[in-house]
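Have a look at upload23.cif below; it lists mmCIF, C-alpha atoms.
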```
data_entry
loop_
_atom_site.label_atom_id
_atom_site.label_comp_id
_atom_site.auth_asym_id
_atom_site.auth_seq_id
_atom_site.Cartn_x
_atom_site.Cartn_y
_atom_site.Cartn_z
CA MET A 1065 76.77 137.60 120.54
CA SER A 1066 75.40 134.49 122.31
CA LEU A 1067 77.62 131.65 123.43
CA LEU A 1068 76.10 129.34 120.77
CA SER A 1069 76.64 131.88 118.00
CA ASP A 1070 80.22 132.41 119.11
CA LEU A 1071 80.87 128.65 119.04
CA LEU A 1072 79.36 128.25 115.57
CA SER A 1073 81.46 131.16 114.32
CA LYS A 1074 84.65 129.55 115.59
CA VAL A 1075 83.77 126.19 113.99
CA SER A 1076 83.10 127.98 110.71
CA ASP A 1077 86.46 129.73 110.92
CA ILE A 1078 88.21 126.37 111.45
CA GLY A 1079 86.41 124.89 108.47
CA ARG A 1080 87.36 127.83 106.24
CA SER A 1081 91.00 127.65 107.29
CA LEU A 1082 91.11 123.93 106.56
CA ARG A 1083 89.70 124.54 103.09
CA THR A 1084 92.27 127.20 102.34
CA PRO A 1085 94.70 126.06 99.60
CA SER A 1086 98.26 125.27 100.72
CA SER A 1087 99.72 128.17 98.74
CA MET A 1088 97.62 130.69 100.70
CA LEU A 1089 98.88 129.34 104.00
CA ASN A 1090 102.47 129.26 102.72
CA LEU A 1091 102.75 125.63 103.80
CA SER A 1092 104.10 122.83 101.67
CA LEU A 1093 101.98 119.70 101.47
CA ALA A 1094 104.50 117.84 103.59
CA GLU A 1095 104.24 120.58 106.21
CA GLU A 1096 100.46 120.25 106.13
CA CYS A 1097 100.90 116.54 106.79
CA GLU A 1098 103.12 117.29 109.76
CA ALA A 1099 100.59 119.82 111.07
CA MET A 1100 97.86 117.19 110.90
CA PHE A 1101 99.72 115.11 113.50
CA SER A 1102 99.32 117.92 116.00
CA LYS A 1103 95.53 117.93 115.71
CA LYS A 1104 93.76 116.40 118.71
CA GLY A 1105 90.11 116.39 117.69
CA GLU A 1106 88.91 113.62 115.36
CA ALA A 1107 86.73 115.93 113.26
CA THR A 1108 89.58 118.41 112.81
CA THR A 1109 91.97 115.62 111.80
CA LEU A 1110 89.49 114.27 109.23
CA ALA A 1111 88.96 117.72 107.76
CA HIS A 1112 92.71 118.28 107.57
CA ALA A 1113 93.23 114.91 105.88
CA ALA A 1114 90.55 115.78 103.32
CA GLN A 1115 92.24 119.12 102.64
CA ILE A 1116 95.62 117.44 102.08
CA LEU A 1117 94.17 114.94 99.63
CA ASN A 1118 92.31 117.71 97.85
CA SER A 1119 95.48 119.82 97.64
CA TYR A 1120 97.43 116.86 96.26
CA ALA A 1121 94.75 116.22 93.62
CA GLN A 1122 95.18 119.82 92.44
CA LEU A 1123 98.91 119.41 91.77
CA ASP A 1124 99.08 119.76 88.02
CA ASP A 1125 102.61 118.66 87.16
CA ASP A 1126 104.89 115.73 87.91
CA GLU A 1127 107.64 117.89 89.37
CA ARG A 1128 105.46 119.06 92.26
CA LYS A 1129 104.15 115.55 92.90
CA LEU A 1130 107.68 114.17 92.91
CA GLN A 1131 108.75 116.83 95.41
CA PHE A 1132 105.85 115.90 97.68
CA PHE A 1133 106.90 112.24 97.71
CA LYS A 1134 110.53 113.17 98.36
CA ASP A 1135 109.48 115.39 101.27
CA ILE A 1136 107.39 112.62 102.78
CA GLN A 1137 110.21 110.11 102.35
CA ALA A 1138 112.65 112.50 104.03
CA THR A 1139 110.52 113.69 106.96
CA PHE A 1140 108.22 110.78 107.79
CA GLY A 1141 110.77 108.06 108.39
CA ILE A 1142 111.43 105.93 111.45
CA ASP A 1143 111.72 107.61 114.84
CA THR A 1144 115.30 106.50 115.49
CA THR A 1145 115.25 107.63 119.12
CA ALA A 1146 112.22 105.49 119.90
CA LEU A 1147 113.72 102.62 117.93
CA GLU A 1148 116.99 102.74 119.87
CA LYS A 1149 115.09 102.67 123.16
CA ALA A 1150 113.01 99.71 121.96
CA ILE A 1151 116.15 97.83 120.88
CA GLU A 1152 117.75 98.49 124.25
CA ALA A 1153 114.62 97.32 126.05
CA TRP A 1154 114.46 94.11 124.02
CA GLN A 1155 118.15 93.36 124.59
CA LYS A 1156 117.61 93.65 128.33
CA ASP A 1157 114.38 91.68 128.40
CA GLN A 1158 113.68 89.53 125.33
CA THR A 1159 110.00 89.00 126.03
CA GLU A 1160 107.07 88.88 123.63
CA THR A 1161 105.98 92.31 124.83
CA ALA A 1162 109.41 93.84 124.23
CA ALA A 1163 109.56 92.28 120.76
CA ARG A 1164 106.18 93.75 119.87
CA MET A 1165 107.24 97.17 121.09
CA LEU A 1166 110.35 96.89 118.93
CA HIS A 1167 108.13 96.06 115.95
CA PHE A 1168 105.93 99.11 116.50
CA ALA A 1169 108.93 101.40 117.06
CA SER A 1170 110.45 100.33 113.74
CA GLU A 1171 107.38 101.38 111.74
CA PRO A 1172 108.00 104.52 109.66
CA ARG A 1173 105.75 107.50 110.37
CA SER A 1174 104.74 107.50 106.72
CA GLN A 1175 102.55 104.46 107.39
CA ASP A 1176 100.72 106.33 110.11
CA LEU A 1177 100.35 109.27 107.72
CA ILE A 1178 98.76 107.06 105.08
CA ARG A 1179 96.36 105.63 107.67
CA ARG A 1180 95.28 109.11 108.74
CA LEU A 1181 94.74 110.23 105.15
CA ASN A 1182 92.67 107.12 104.56
CA GLN A 1183 90.13 108.32 107.14
CA ALA A 1184 89.07 111.22 104.92
CA PRO A 1185 85.96 110.83 102.75
CA ASN A 1186 86.98 108.81 99.65
CA GLY A 1187 90.42 108.54 101.23
CA THR A 1188 91.11 105.01 99.99
CA SER A 1189 90.32 105.91 96.39
CA SER A 1190 92.50 109.03 96.62
CA LEU A 1191 95.41 107.03 98.02
CA VAL A 1192 95.15 104.44 95.23
CA LYS A 1193 95.41 107.28 92.72
CA MET A 1194 98.32 108.75 94.69
CA ARG A 1195 100.21 105.47 94.48
CA THR A 1196 99.60 105.40 90.73
CA ASP A 1197 101.68 108.59 90.56
CA LEU A 1198 104.28 107.25 92.98
CA LEU A 1199 104.87 104.13 90.89
CA LYS A 1200 105.87 106.28 87.92
CA PHE A 1201 108.67 107.84 89.96
CA THR A 1202 110.01 104.66 91.57
CA LYS A 1203 111.42 103.61 88.19
CA THR A 1204 114.05 106.36 88.37
CA GLU A 1205 113.98 107.43 92.04
CA ALA A 1206 115.21 104.38 93.95
CA ASP A 1207 114.81 106.09 97.35
CA LEU A 1208 111.05 106.30 96.84
CA ARG A 1209 110.70 102.53 96.67
CA ALA A 1210 110.74 102.41 100.46
CA LEU A 1211 107.75 104.76 100.54
CA ASP A 1212 106.00 102.57 97.98
CA LYS A 1213 106.57 99.60 100.29
CA ASP A 1214 104.51 101.48 102.90
CA PHE A 1215 101.60 101.86 100.48
CA SER A 1216 101.90 98.23 99.38
CA HIS A 1217 102.04 96.96 102.96
CA LEU A 1218 98.86 98.81 103.95
CA PHE A 1219 97.00 98.05 100.71
CA ASN A 1220 97.65 94.33 101.19
CA SER A 1221 95.72 94.62 104.47
CA TRP A 1222 92.96 96.90 103.22
CA PHE A 1223 92.34 94.86 100.06
CA ASN A 1224 92.67 91.36 101.44
CA ARG A 1225 90.24 88.68 100.29
CA GLY A 1226 87.89 89.27 103.23
CA PHE A 1227 86.96 92.73 101.94
CA LEU A 1228 86.49 91.80 98.28
CA GLU A 1229 83.07 91.31 96.73
CA LEU A 1230 82.67 89.00 93.72
CA GLN A 1231 80.05 90.21 91.23
CA ARG A 1232 78.87 88.69 88.01
CA ILE A 1233 78.70 91.41 85.38
CA ASP A 1234 76.03 91.00 82.73
CA TRP A 1235 74.00 93.13 80.35
CA ASN A 1236 71.81 94.32 83.25
CA THR A 1237 74.80 95.69 85.18
CA PRO A 1238 74.74 99.51 85.52
CA ALA A 1239 76.18 101.31 82.49
CA ALA A 1240 78.77 103.08 84.64
CA ILE A 1241 80.40 99.71 85.41
CA LEU A 1242 80.04 98.39 81.85
CA GLU A 1243 81.83 101.47 80.54
CA LYS A 1244 84.71 100.73 82.89
CA ILE A 1245 84.91 97.14 81.63
CA ILE A 1246 85.35 98.47 78.10
CA ALA A 1247 88.02 100.93 79.24
CA TYR A 1248 89.96 98.50 81.46
CA GLU A 1249 90.03 95.45 79.17
CA ALA A 1250 93.78 94.87 78.77
CA VAL A 1251 94.10 91.65 76.77
CA HIS A 1252 91.54 91.61 73.95
CA GLU A 1253 90.15 95.06 73.15
CA ILE A 1254 86.39 95.51 73.40
CA ASN A 1255 85.21 97.38 70.32
CA GLY A 1256 82.13 99.17 71.55
CA TRP A 1257 78.82 98.17 73.09
CA ASP A 1258 77.90 95.45 70.58
CA ASP A 1259 81.18 93.67 71.25
CA LEU A 1260 80.67 94.02 75.01
CA ARG A 1261 77.17 92.55 74.74
CA GLN A 1262 78.65 89.46 73.08
CA ARG A 1263 80.95 89.00 76.07
CA VAL A 1264 78.51 89.58 78.92
CA GLY A 1265 75.08 88.96 77.44
CA ALA A 1266 75.46 85.76 75.41
CA PRO A 1267 74.24 82.56 77.15
CA ASP A 1268 77.66 80.90 76.87
CA ARG A 1269 79.66 83.84 78.24
CA ARG A 1270 80.36 85.00 81.78
CA LEU A 1271 82.26 87.95 83.24
CA TYR A 1272 83.13 88.22 86.93
CA GLY A 1273 84.83 91.01 88.80
CA TYR A 1274 86.09 91.83 92.27
CA PHE A 1275 84.94 95.07 93.90
CA HIS A 1276 85.88 96.77 97.18
CA PRO A 1277 83.39 98.80 99.26
CA ALA A 1278 85.76 101.77 99.51
CA LEU A 1279 86.07 102.06 95.71
CA GLY A 1280 82.36 101.91 94.84
CA ASN A 1281 81.71 100.84 91.25
CA GLU A 1282 85.40 100.71 90.33
CA PRO A 1283 86.35 97.09 89.52
CA LEU A 1284 89.69 95.86 90.86
CA ILE A 1285 90.09 92.94 88.46
CA PHE A 1286 87.80 90.97 86.15
CA VAL A 1287 87.92 87.71 84.23
CA GLU A 1288 86.06 86.79 81.05
CA VAL A 1289 84.86 83.21 80.62
CA ALA A 1290 83.70 81.28 77.56
CA LEU A 1291 81.58 78.16 78.12
CA LEU A 1292 82.42 75.66 75.38
CA LYS A 1293 82.21 71.98 74.46
CA GLU A 1294 85.95 71.65 73.79
CA VAL A 1295 89.32 73.18 74.64
CA PRO A 1296 90.04 76.05 72.22
CA GLY A 1297 93.32 76.68 70.42
CA ALA A 1298 92.64 80.13 69.01
CA ILE A 1299 91.06 83.33 70.28
CA GLY A 1300 89.43 84.35 67.00
CA PRO A 1301 86.43 81.99 67.19
CA ILE A 1302 85.78 83.00 70.82
CA LEU A 1303 85.65 86.71 69.99
CA SER A 1304 83.85 86.35 66.67
CA ASP A 1305 80.46 88.05 66.44
CA GLU A 1306 79.43 85.42 63.86
CA ARG A 1307 79.74 82.41 66.14
CA ASP A 1308 76.74 80.32 67.14
CA PRO A 1309 76.32 80.47 70.94
CA ILE A 1310 75.46 77.33 72.85
CA GLN A 1311 73.32 77.05 75.93
CA ALA A 1312 75.45 77.25 79.07
CA GLU A 1313 74.04 73.94 80.34
CA GLU A 1314 75.58 72.15 77.34
CA ALA A 1315 79.13 73.27 78.10
CA THR A 1316 81.80 70.92 79.40
CA THR A 1317 84.69 73.40 79.37
CA ALA A 1318 85.09 76.79 81.04
CA VAL A 1319 87.75 78.90 79.33
CA PHE A 1320 89.32 81.89 81.07
CA TYR A 1321 90.37 83.92 78.06
CA SER A 1322 91.02 87.38 79.49
CA ILE A 1323 92.05 88.67 82.91
CA SER A 1324 92.43 92.43 83.41
CA ASN A 1325 93.77 94.29 86.45
CA CYS A 1326 92.02 97.64 86.57
CA GLN A 1327 93.78 99.80 89.18
CA THR A 1328 97.42 100.69 88.49
CA GLY A 1329 97.68 101.97 92.06
CA LEU A 1330 97.05 98.43 93.32
CA ARG A 1331 99.85 96.87 91.30
CA GLY A 1332 101.43 93.98 93.19
CA ILE A 1333 98.34 93.40 95.33
CA SER A 1334 97.20 89.85 94.56
CA PHE A 1335 93.59 89.38 93.44
CA GLY A 1336 93.72 87.05 90.46
CA ASN A 1337 94.52 83.84 92.30
CA PHE A 1338 91.46 84.27 94.54
CA LEU A 1339 89.30 85.34 91.61
CA ILE A 1340 89.94 82.33 89.37
CA LYS A 1341 89.59 79.80 92.17
CA GLN A 1342 86.32 81.32 93.36
CA VAL A 1343 84.91 81.48 89.82
CA VAL A 1344 85.86 77.83 89.29
CA GLU A 1345 83.95 76.88 92.43
CA ASP A 1346 80.92 78.96 91.46
CA LEU A 1347 80.78 77.51 87.94
CA ARG A 1348 81.21 73.94 89.21
CA HIS A 1349 78.16 74.35 91.42
CA GLU A 1350 76.11 76.07 88.71
CA PHE A 1351 76.76 73.65 85.82
CA GLU A 1352 77.05 69.91 86.44
CA LYS A 1353 78.59 69.08 83.05
CA LEU A 1354 81.59 71.37 83.50
CA ASP A 1355 84.65 69.23 84.14
CA THR A 1356 87.46 71.18 82.44
CA PHE A 1357 88.68 74.58 83.66
CA ILE A 1358 91.32 76.00 81.42
CA THR A 1359 92.75 79.25 80.07
CA LEU A 1360 93.49 80.46 76.59
CA SER A 1361 96.41 82.71 77.42
CA PRO A 1362 98.77 85.05 75.57
CA VAL A 1363 102.54 84.73 75.85
CA PRO A 1364 103.46 88.41 76.08
CA GLY A 1365 107.21 88.06 76.64
CA PHE A 1366 108.00 85.34 74.09
CA ARG A 1367 108.99 87.34 71.03
CA LYS A 1368 111.07 89.89 72.96
CA TRP A 1369 112.95 87.11 74.77
CA ALA A 1370 113.58 85.09 71.60
CA GLU A 1371 114.79 88.03 69.52
CA LYS A 1372 117.16 89.13 72.29
CA ALA A 1373 118.53 85.60 72.81
CA HIS A 1374 119.06 85.21 69.04
CA LEU A 1375 120.78 88.60 68.73
CA GLU A 1376 123.09 87.83 71.66
CA MET A 1377 123.73 84.30 70.32
CA SER A 1378 122.63 82.79 73.63
CA LYS A 1379 124.05 79.34 74.32
CA ASN A 1380 120.62 78.38 75.68
CA LEU A 1381 119.30 78.24 72.12
CA SER A 1382 119.77 75.18 69.93
CA GLY A 1383 120.82 75.22 66.29
CA LYS A 1384 117.21 74.68 65.24
CA ASP A 1385 116.12 77.52 67.55
CA ASN A 1386 118.49 79.92 65.83
CA GLU A 1387 117.53 78.69 62.38
CA THR A 1388 113.84 79.29 63.14
CA LEU A 1389 114.54 82.71 64.64
CA GLY A 1390 116.66 83.66 61.67
CA ILE A 1391 113.67 83.12 59.40
CA LEU A 1392 111.32 85.09 61.66
CA THR A 1393 113.63 88.05 62.24
CA ALA A 1394 114.22 88.35 58.50
CA CYS A 1395 110.51 89.10 57.97
CA GLN A 1396 109.81 92.75 57.19
CA ASN A 1397 106.16 92.89 58.27
CA ASP A 1398 103.26 90.90 59.72
CA THR A 1399 102.22 89.61 56.29
CA GLU A 1400 105.60 87.96 55.80
CA VAL A 1401 105.44 86.53 59.33
CA MET A 1402 102.03 85.02 58.58
CA ASP A 1403 103.41 83.47 55.38
CA VAL A 1404 106.30 81.65 57.08
CA LEU A 1405 104.64 80.60 60.36
CA PRO A 1406 102.78 77.52 58.98
CA ASN A 1407 106.09 76.02 57.86
CA LEU A 1408 108.05 76.51 61.09
CA ASP A 1409 107.74 73.04 62.62
CA HIS A 1410 110.24 73.90 65.36
CA MET A 1411 108.14 76.70 66.90
CA PRO A 1412 106.49 74.50 69.57
CA GLU A 1413 109.89 73.41 70.91
CA LEU A 1414 111.15 77.00 70.98
CA LEU A 1415 108.02 78.11 72.85
CA ALA A 1416 108.34 75.21 75.31
CA ARG A 1417 111.95 76.20 75.99
CA TYR A 1418 110.83 79.73 76.83
CA LEU A 1419 108.01 78.63 79.12
CA ILE A 1420 109.65 75.69 80.88
CA SER A 1421 113.44 76.09 80.82
CA THR A 1422 113.94 79.86 80.88
CA LYS A 1423 113.98 81.22 84.43
CA GLY A 1424 113.63 84.67 85.93
CA GLN A 1425 115.89 86.11 88.60
CA ASP A 1426 113.88 84.43 91.36
CA GLY A 1427 114.05 81.03 89.70
CA GLY A 1428 110.46 81.05 88.46
CA ALA A 1429 109.09 81.29 84.93
CA VAL A 1430 110.15 84.41 83.08
CA ASP A 1431 106.84 85.00 81.29
CA PRO A 1432 104.44 87.13 83.44
CA VAL A 1433 101.28 85.25 82.45
CA ALA A 1434 102.99 81.91 83.05
CA ARG A 1435 104.14 83.10 86.48
CA PHE A 1436 100.59 84.05 87.37
CA HIS A 1437 98.90 80.79 86.40
CA LEU A 1438 101.69 78.45 87.51
CA GLY A 1439 101.83 80.28 90.83
CA ASN A 1440 98.08 79.67 91.16
CA GLY A 1441 98.59 75.92 90.74
CA ALA A 1442 97.65 75.50 87.09
CA ARG A 1443 99.42 73.10 84.68
CA LEU A 1444 100.86 74.12 81.31
CA GLU A 1445 98.59 72.00 79.13
CA ASN A 1446 98.83 72.87 75.42
CA LEU A 1447 100.77 75.10 73.01
CA HIS A 1448 99.03 76.68 70.03
CA MET A 1449 100.75 78.18 67.04
CA MET A 1450 98.82 81.01 65.35
CA GLY A 1451 96.37 81.16 68.24
CA ASP A 1452 96.21 84.96 68.10
CA VAL A 1453 97.04 86.48 64.73
CA SER A 1454 95.94 89.97 65.70
CA LYS A 1455 98.48 92.77 65.46
CA ARG A 1456 99.12 92.56 69.22
CA GLY A 1457 99.37 88.76 69.14
CA LEU A 1458 101.96 88.80 66.36
CA LYS A 1459 103.94 91.58 68.05
CA ASN A 1460 104.13 89.82 71.42
CA SER A 1461 104.45 86.14 70.51
CA TRP A 1462 104.30 85.63 66.74
CA GLY A 1463 100.70 84.56 67.32
CA CYS A 1464 101.39 81.82 69.90
CA MET A 1465 98.93 81.08 72.71
CA VAL A 1466 98.81 78.44 75.45
CA ASN A 1467 96.37 76.64 77.73
CA TYR A 1468 96.90 76.45 81.50
CA GLN A 1469 94.59 73.91 83.12
CA TYR A 1470 93.17 74.17 86.64
CA ARG A 1471 92.61 70.67 88.00
CA ILE A 1472 90.97 70.99 91.40
CA LYS A 1473 92.73 68.00 92.93
CA ASP A 1474 96.18 69.13 91.73
CA ILE A 1475 96.07 72.89 92.32
CA GLU A 1476 97.67 72.89 95.78
CA LYS A 1477 100.34 70.33 94.86
CA ASN A 1478 101.26 72.21 91.65
CA HIS A 1479 101.39 75.49 93.53
CA GLU A 1480 103.78 74.10 96.16
CA THR A 1481 106.02 72.50 93.54
CA TYR A 1482 106.31 75.72 91.56
CA VAL A 1483 106.70 78.10 94.51
CA ASN A 1484 109.18 75.93 96.44
CA ASN A 1485 111.22 74.47 93.57
CA GLY A 1486 110.58 76.76 90.60
CA GLU A 1487 109.46 73.68 88.66
CA VAL A 1488 107.03 74.26 85.81
CA ILE A 1489 104.36 71.58 85.86
CA ALA A 1490 103.57 70.73 82.22
CA ALA A 1491 101.55 68.06 80.45
CA PRO A 1492 103.76 65.16 79.26
CA HIS A 1493 103.35 65.99 75.58
CA VAL A 1494 104.49 69.57 76.23
CA ALA A 1495 107.42 68.68 78.52
CA GLY A 1496 108.41 65.98 76.02
CA LEU A 1497 109.21 68.63 73.40
CA LEU A 1498 112.44 69.39 75.28
CA LYS A 1499 113.66 65.81 75.67
#
```
Could you write out this structure as C-alpha cells?
Amino acid sequence: MSLLSDLLSKVSDIGRSLRTPSSMLNLSLAEECEAMFSKKGEATTLAHAAQILNSYAQLDDDERKLQFFKDIQATFGIDTTALEKAIEAWQKDQTETAARMLHFASEPRSQDLIRRLNQAPNGTSSLVKMRTDLLKFTKTEADLRALDKDFSHLFNSWFNRGFLELQRIDWNTPAAILEKIIAYEAVHEINGWDDLRQRVGAPDRRLYGYFHPALGNEPLIFVEVALLKEVPGAIGPILSDERDPIQAEEATTAVFYSISNCQTGLRGISFGNFLIKQVVEDLRHEFEKLDTFITLSPVPGFRKWAEKAHLEMSKNLSGKDNETLGILTACQNDTEVMDVLPNLDHMPELLARYLISTKGQDGGAVDPVARFHLGNGARLENLHMMGDVSKRGLKNSWGCMVNYQYRIKDIEKNHETYVNNGEVIAAPHVAGLLK
C-alpha cells in the first residue's frame, strides 16, 4: 500500500470512529465531551463536536437529556486549583494583568465546552435547541441554573445587536419564512394564508423581523405594524378581513400590535427593544406624515393578579376594587362576563392600579408586557376596556388592552426613570385615575 493510500485509510478510520454512536463506544455524552478536550487537531475537534451534537439530538427522552446536563454541571465546573493560584497571584500583585488572569481562571469549563460545540456545522442552531431542553429542567433542578447562566452569557455575545439583520417580511418573502411566521405568532393567532396575507401584503400593514446568520431563515423575533389615521382602542378592527385598507402614505399613526419571540432557547436574550426602536426610525424616514408611534398591547397578567388579590383579600385593593371583582368572579362563563363589563365603571381604576402601583420583586411593573415597553422608554398612554374580547383576551384580562407610546424625545428619559426608580411613566389622565 502506498503512503498516500495508507494516510487516506487512517483518515477514513478516524471519520468512522467519530461517527460511531456513543452507545457503541461505551462512552457517555459527558465523557465524549471530555474526550474532545484532548483532541489537538482542529478538524478532529470539529468532527468530534459534530458527533456530540448529533448524539444529543438522538436522545429520545427527557431522563437521558437531564442526566447529560447534570453530568456537564458536575464535571465541567471551575478549575479550583487554577482559581486558587490566580487569587494568590492577584493578592500578591493587584495589577490589571493579575485581575484579568483571575477573571479567566474563574470561568467554568462548561463555557469553553459550549464554545467548542458551537464550531460544529449548524452548532449555534443545535445549541439553541439544547438550551430549550435545559430551560425545562431549570424549573425543578435548581443546580442546573448555573449551567443555564453559561448558555445565556455566551448567547448574549453571539446574538448581540451587531449580528442581527432586520428584514421586512412581505408577501414576496420565501414561503419557508412565512410558514414560520404563522407558527410563531404568539399574541394574535394567524388563521391560515389568507389571514397572513392581510398582515403582510396589505398596503397599510408591515411586518419586520430580526434574523441571525447562524440560524438561516429562522426568525428570532418579529413585530406586526398597522399604519392608521388614529390611535386604536380595540384589536378587532385591525385584524378584521372586512376592513378598508388605506394607503400607507396617508397614515399618521404606526401601531405595534403584536410582538412574538420565536426561539425558546433564546429566552432572556433581549431583541425587542432594538427591534421597535429600529422600526420606528425606518418608518419615520419612509413616511413623512407618521408622527405617532404606539402599541395596542394585551395585559396578560391582569386577571390572574386581580382574582388572587381578591381571594386573599389584599389590603392593596379598595372597596370599589373588591366590589367590581366580586361581580366578575361571580360570572360563570365568557357570555356573562361580556354582559357585565359595559356597566363596570371602576374597571379603568382597577387596571391602572395593576399597571402603575403593583410592583414585582425587583420594584418594576409586575405585568410582563408593561415591563417590556416601560423598560424600552415608552409611556403608558391609554387604557381600553373590551379592547380584545376574544377567548384569550377575556381569559387574560377580561378584554382590557392598553397603549404604550414611543415618543422619540422622551424614550431615553423614560427608560432611565423606570430602570433607576421603578417609576411607571403614565399619561396624566391615566395616572389621575389613582388620585
Give me the residues near A:Ile1246 as a list in words, where near means some atom within 10 Å (using only C-alpha atoms) and where sequence neighbours in that chain fewer than 2 positions away do not count.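 So the residues in contact are Ile1241, Leu1242, Glu1243, Lys1244, Tyr1248, Glu1249, Ala1250, Glu1253, Ile1254, Asn1255, Gly1256, Trp1257, Asp1259 and Leu1260 of chain A.
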Can you tell me how far atom CA of A:Thr1196 sits from atom CA of A:Gly1273, in Å to one decimal?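 These atoms are spaced 20.7 Å apart.
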Spatial neighbours of stretch 1463-1471 of chain A, max dist 8 Å, only C-alpha atoms, sep filter under 6 positions, as a ChimeraX atom specification: /A:1297-1298,1356-1363,1437-1438,1441-1454,1457
Could you write out that same residue set with C-alpha atoms as a PDB file, in the frame of the given file?
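See out_26.pdb below for the written result:
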```pdb
ATOM      1  CA  GLY A1297      93.320  76.680  70.420  1.00  0.00           C
ATOM      2  CA  ALA A1298      92.640  80.130  69.010  1.00  0.00           C
ATOM      3  CA  THR A1356      87.460  71.180  82.440  1.00  0.00           C
ATOM      4  CA  PHE A1357      88.680  74.580  83.660  1.00  0.00           C
ATOM      5  CA  ILE A1358      91.320  76.000  81.420  1.00  0.00           C
ATOM      6  CA  THR A1359      92.750  79.250  80.070  1.00  0.00           C
ATOM      7  CA  LEU A1360      93.490  80.460  76.590  1.00  0.00           C
ATOM      8  CA  SER A1361      96.410  82.710  77.420  1.00  0.00           C
ATOM      9  CA  PRO A1362      98.770  85.050  75.570  1.00  0.00           C
ATOM     10  CA  VAL A1363     102.540  84.730  75.850  1.00  0.00           C
ATOM     11  CA  HIS A1437      98.900  80.790  86.400  1.00  0.00           C
ATOM     12  CA  LEU A1438     101.690  78.450  87.510  1.00  0.00           C
ATOM     13  CA  GLY A1441      98.590  75.920  90.740  1.00  0.00           C
ATOM     14  CA  ALA A1442      97.650  75.500  87.090  1.00  0.00           C
ATOM     15  CA  ARG A1443      99.420  73.100  84.680  1.00  0.00           C
ATOM     16  CA  LEU A1444     100.860  74.120  81.310  1.00  0.00           C
ATOM     17  CA  GLU A1445      98.590  72.000  79.130  1.00  0.00           C
ATOM     18  CA  ASN A1446      98.830  72.870  75.420  1.00  0.00           C
ATOM     19  CA  LEU A1447     100.770  75.100  73.010  1.00  0.00           C
ATOM     20  CA  HIS A1448      99.030  76.680  70.030  1.00  0.00           C
ATOM     21  CA  MET A1449     100.750  78.180  67.040  1.00  0.00           C
ATOM     22  CA  MET A1450      98.820  81.010  65.350  1.00  0.00           C
ATOM     23  CA  GLY A1451      96.370  81.160  68.240  1.00  0.00           C
ATOM     24  CA  ASP A1452      96.210  84.960  68.100  1.00  0.00           C
ATOM     25  CA  VAL A1453      97.040  86.480  64.730  1.00  0.00           C
ATOM     26  CA  SER A1454      95.940  89.970  65.700  1.00  0.00           C
ATOM     27  CA  GLY A1457      99.370  88.760  69.140  1.00  0.00           C
TER      28      GLY A1457
END
```
So how far away is atom CA of A:Val1251 from atom CA of A:Glu1487, in Å? 26.5 Å
Shell around A:Gly1365 at 12 Å using all atoms listed in the file, local window under 3 positions removed, as number ranges by chain: A: 1362, 1368-1372, 1415, 1418-1419, 1422, 1424, 1429-1435, 1456-1465
Residues of the last selection are to be written out with C-alpha atoms, as a short mmCIF file (atom, residue, chain, number, x, y, z; two decimals), in the coordinates of the input.
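Contents of the output file out_27.cif:
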```cif
data_model
loop_
_atom_site.label_atom_id
_atom_site.label_comp_id
_atom_site.auth_asym_id
_atom_site.auth_seq_id
_atom_site.Cartn_x
_atom_site.Cartn_y
_atom_site.Cartn_z
CA PRO A 1362 98.77 85.05 75.57
CA LYS A 1368 111.07 89.89 72.96
CA TRP A 1369 112.95 87.11 74.77
CA ALA A 1370 113.58 85.09 71.60
CA GLU A 1371 114.79 88.03 69.52
CA LYS A 1372 117.16 89.13 72.29
CA LEU A 1415 108.02 78.11 72.85
CA TYR A 1418 110.83 79.73 76.83
CA LEU A 1419 108.01 78.63 79.12
CA THR A 1422 113.94 79.86 80.88
CA GLY A 1424 113.63 84.67 85.93
CA ALA A 1429 109.09 81.29 84.93
CA VAL A 1430 110.15 84.41 83.08
CA ASP A 1431 106.84 85.00 81.29
CA PRO A 1432 104.44 87.13 83.44
CA VAL A 1433 101.28 85.25 82.45
CA ALA A 1434 102.99 81.91 83.05
CA ARG A 1435 104.14 83.10 86.48
CA ARG A 1456 99.12 92.56 69.22
CA GLY A 1457 99.37 88.76 69.14
CA LEU A 1458 101.96 88.80 66.36
CA LYS A 1459 103.94 91.58 68.05
CA ASN A 1460 104.13 89.82 71.42
CA SER A 1461 104.45 86.14 70.51
CA TRP A 1462 104.30 85.63 66.74
CA GLY A 1463 100.70 84.56 67.32
CA CYS A 1464 101.39 81.82 69.90
CA MET A 1465 98.93 81.08 72.71
#
```
In Å, rounded to a single decimal, give me how far atom CA of A:Asn1325 is from atom CA of A:Ile1285. 4.4 Å
To test your reading of the syntax: which residues would the PyMOL selection byres ((chain A and resi 1225) around 10) return for the file shown? Reply as a PyMOL selection string. chain A and resi 1220-1224+1226-1229+1274+1276+1334-1335+1338-1339
Spatial neighbours of stretch 1202-1216 of chain A, 8 Å, all atoms listed in the file, chain gap at least 2 places, as a PDB file with C-alpha atoms, keeping the file's coordinate frame:
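Written output follows (around09.pdb):
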```pdb
ATOM      1  CA  PHE A1133     106.900 112.240  97.710  1.00  0.00           C
ATOM      2  CA  LYS A1134     110.530 113.170  98.360  1.00  0.00           C
ATOM      3  CA  GLN A1137     110.210 110.110 102.350  1.00  0.00           C
ATOM      4  CA  SER A1174     104.740 107.500 106.720  1.00  0.00           C
ATOM      5  CA  GLN A1175     102.550 104.460 107.390  1.00  0.00           C
ATOM      6  CA  ILE A1178      98.760 107.060 105.080  1.00  0.00           C
ATOM      7  CA  ARG A1195     100.210 105.470  94.480  1.00  0.00           C
ATOM      8  CA  LEU A1198     104.280 107.250  92.980  1.00  0.00           C
ATOM      9  CA  LEU A1199     104.870 104.130  90.890  1.00  0.00           C
ATOM     10  CA  LYS A1200     105.870 106.280  87.920  1.00  0.00           C
ATOM     11  CA  LEU A1218      98.860  98.810 103.950  1.00  0.00           C
ATOM     12  CA  PHE A1219      97.000  98.050 100.710  1.00  0.00           C
ATOM     13  CA  ASN A1220      97.650  94.330 101.190  1.00  0.00           C
ATOM     14  CA  LEU A1330      97.050  98.430  93.320  1.00  0.00           C
ATOM     15  CA  GLY A1332     101.430  93.980  93.190  1.00  0.00           C
ATOM     16  CA  ILE A1333      98.340  93.400  95.330  1.00  0.00           C
TER      17      ILE A1333
END
```
